[in-house]
Protein chains: 2
Amino acid sequence: MGLSSRSAVAIHALTMLARWGEKSLTSAEIADSLESNPVLVRRILGSLRDAGLVWSTEGRNGGWSLARAPREITLHDAYSAVEAGPILSRHAHPPSAECEVGRHIQGLLEGEFRDAERAMEERLGRTTIAHLLRQVLERERELALPDRPPAPAGA
Amino acid sequence: MGLSSRSAVAIHALTMLARWGEKSLTSAEIADSLESNPVLVRRILGSLRDAGLVWSTEGRNGGWSLARAPREITLHDAYSAVEAGPILSRHAHPPSAECEVGRHIQGLLEGEFRDAERAMEERLGRTTIAHLLRQVLERERELALPDRPPAPAGA
DNA sequence: CAAACTGTAACTACGACGGTGGCAGTAGAT
DNA sequence: ATCTACTGCCACCGTCGTAGTTACAGTTTG
């Protein structure tokens with residue numbers, strides 16, 4: 001089935017906060033960009049705040065800001081803040097201890113799956129919000145030069 | 001939420017088929033080891049058959065056998081046979097094109113997530129059913145020697 | 001006080017999942 | 001030929017996580 005889209009929302013929001021770092025953004029502004037709902041955004045940013053990635057101020061003119069420099073926040077930070085359990089699900093029930101394979105497979109799978117998940121997380125940890133923001137600005141700059149399209153086929 | 005437990009079931013079944021390679025196993029026998037249901041097992045083994053990992057024979061004395069040598073079947077083979085879509089979910093809706101970040105984040109995330117998923121799959125591809133079976137037999141041998149426990153604290 | 005925010009609980013709709021029963025088809029056993 | 005033991009497949013159920021929404025209490029600024 002796959003995980004939730006919370007990671008995508010979290011990374012999107014963090015990139016927005018990095019882009020407009022001077023001022024704080026409200027959950028409504030971020031929800032507008034997501035074509036979604038302020039409550040959903042607050043739920044996810046709440047998790048990011050619990051993880052120490054952002055902070056919020058209440059009341060009028062309140063909103064959200066980054067708690068660290070964009071280059072100090074990796075995609076793995078965002079992922080692990082909003083996504084809980086393991087990715088590769090284990091046995092729904094413990095297998096039968098009567099079976100020679102059933103007795104041991106669970107423990108062995110645990111190690112294998114854990115290694116595989118770690119590999120994914122390690123890869124996520126190599127990209128930062130700063131890196132993402134840089135690419136966003138780059139692509140935006142390309143849009144501003146319609147006469148010189150990026151990497152044309154015959155160039 | 002994480003993926004389904006189909007991968008775990010598939011790997012469990014493949015390891016059993018490798019262990020009793022001489023004779024074919026029925027879905028009921030495998031379900032017994034899983035403490036689960038023959039229909040569930042047939043559903044998953046059906047996917048493995050479609051992927052060319054096992055074959056089945058109908059009728060009395062029918063059952064399931066490996067279609068390849070255990071060392072030619074990786075955990076990634078099992079995983080990709082039974083698990084469909086992406087692991088890290090993308091945006092539920094496309095973000096707003098009005099937003100400078102929303103315009104580009106989806107494409108960028110796609111690349112990042114895809115790389116991360118590939119890292120996990122690559123790691124799964126490094127372990128084979130033969131490797132798993134060897135460890136099962138090893139642990140079983142240790143159980144047969146109660147006087148010499150494996151790796152005691154003071155050894 | 002009024003306005004604009006966060007924070008949180010409650011609720012809905014939907015989809016995927018594990019699990020179950022039923023039944024047609026197939027092949028060996030007698 | 002019939003019985004038996006399988007696969008293959010469909011339809012269904014209860015449960016759970018998710019996205020989305022409404023509602024409302026609390027907080028800060030103007």
# chains A, B, ... in the order shown; residues from 1 in each chain; ligands from 1

$ interface_residues --of "chain A" --to "chain D" --cutoff "7 Å" --atoms "only C-alpha atoms (C1' of nucleotides)" --output "PyMOL selection string"
chain A and resi 58-60

$ write_last_selection --atoms "C-alpha atoms" --output "PDB file, in the first residue's frame"
ATOM      1  CA  GLU A  58       0.294  31.454  18.422  1.00  0.00           C
ATOM      2  CA  GLY A  59      -2.073  34.356  18.218  1.00  0.00           C
ATOM      3  CA  ARG A  60      -2.457  37.047  15.626  1.00  0.00           C
TER       4      ARG A  60
END

$ interface_residues --of "chain C" --to "chain A" --cutoff "9 Å" --atoms "only C-alpha atoms (C1' of nucleotides)" --output "list in words"
DA3, DA4, DC5, DT6, DG7, DA16, DC17 and DG18 of chain C

$ write_last_selection --atoms "C-alpha atoms (C1' of nucleotides)" --output "JSON list (two decimals), in the first residue's frame"
[["chain", "number", "residue", "atom", "x", "y", "z"],
["C", 3, "DA", "C1'", -9.39, 39.70, 14.45],
["C", 4, "DA", "C1'", -6.10, 36.28, 13.18],
["C", 5, "DC", "C1'", -3.76, 32.84, 14.34],
["C", 6, "DT", "C1'", -2.50, 27.87, 16.70],
["C", 7, "DG", "C1'", -4.01, 23.50, 18.88],
["C", 16, "DA", "C1'", -6.28, -1.47, 1.42],
["C", 17, "DC", "C1'", -5.60, -5.23, 4.15],
["C", 18, "DG", "C1'", -6.03, -9.96, 6.34]]

$ interface_residues --of "chain B" --to "chain A" --cutoff "7 Å" --atoms "only C-alpha atoms" --output "count of residues only"
34

$ closest_residue --among "B:Ala51, B:Ala81, B:Ala69, B:Val41" --to "His131 in chain B" --atoms "only C-alpha atoms"
B:Ala69

$ select_by_dssp --residues "range 10-111 of chain A" --states "strand (DSSP E)" --output "ChimeraX atom specification"
/A:54-57,63-66

$ select_by_dssp --residues "range 4-71 of chain A" --states "helix (DSSP H, G or I)" --output "PyMOL selection string"
chain A and resi 6-19+27-34+38-50+70-71

$ atom_distance --atom1 "C1' of DG25 in chain C" --atom2 "CA of Gly21 in chain B"
26.8 Å
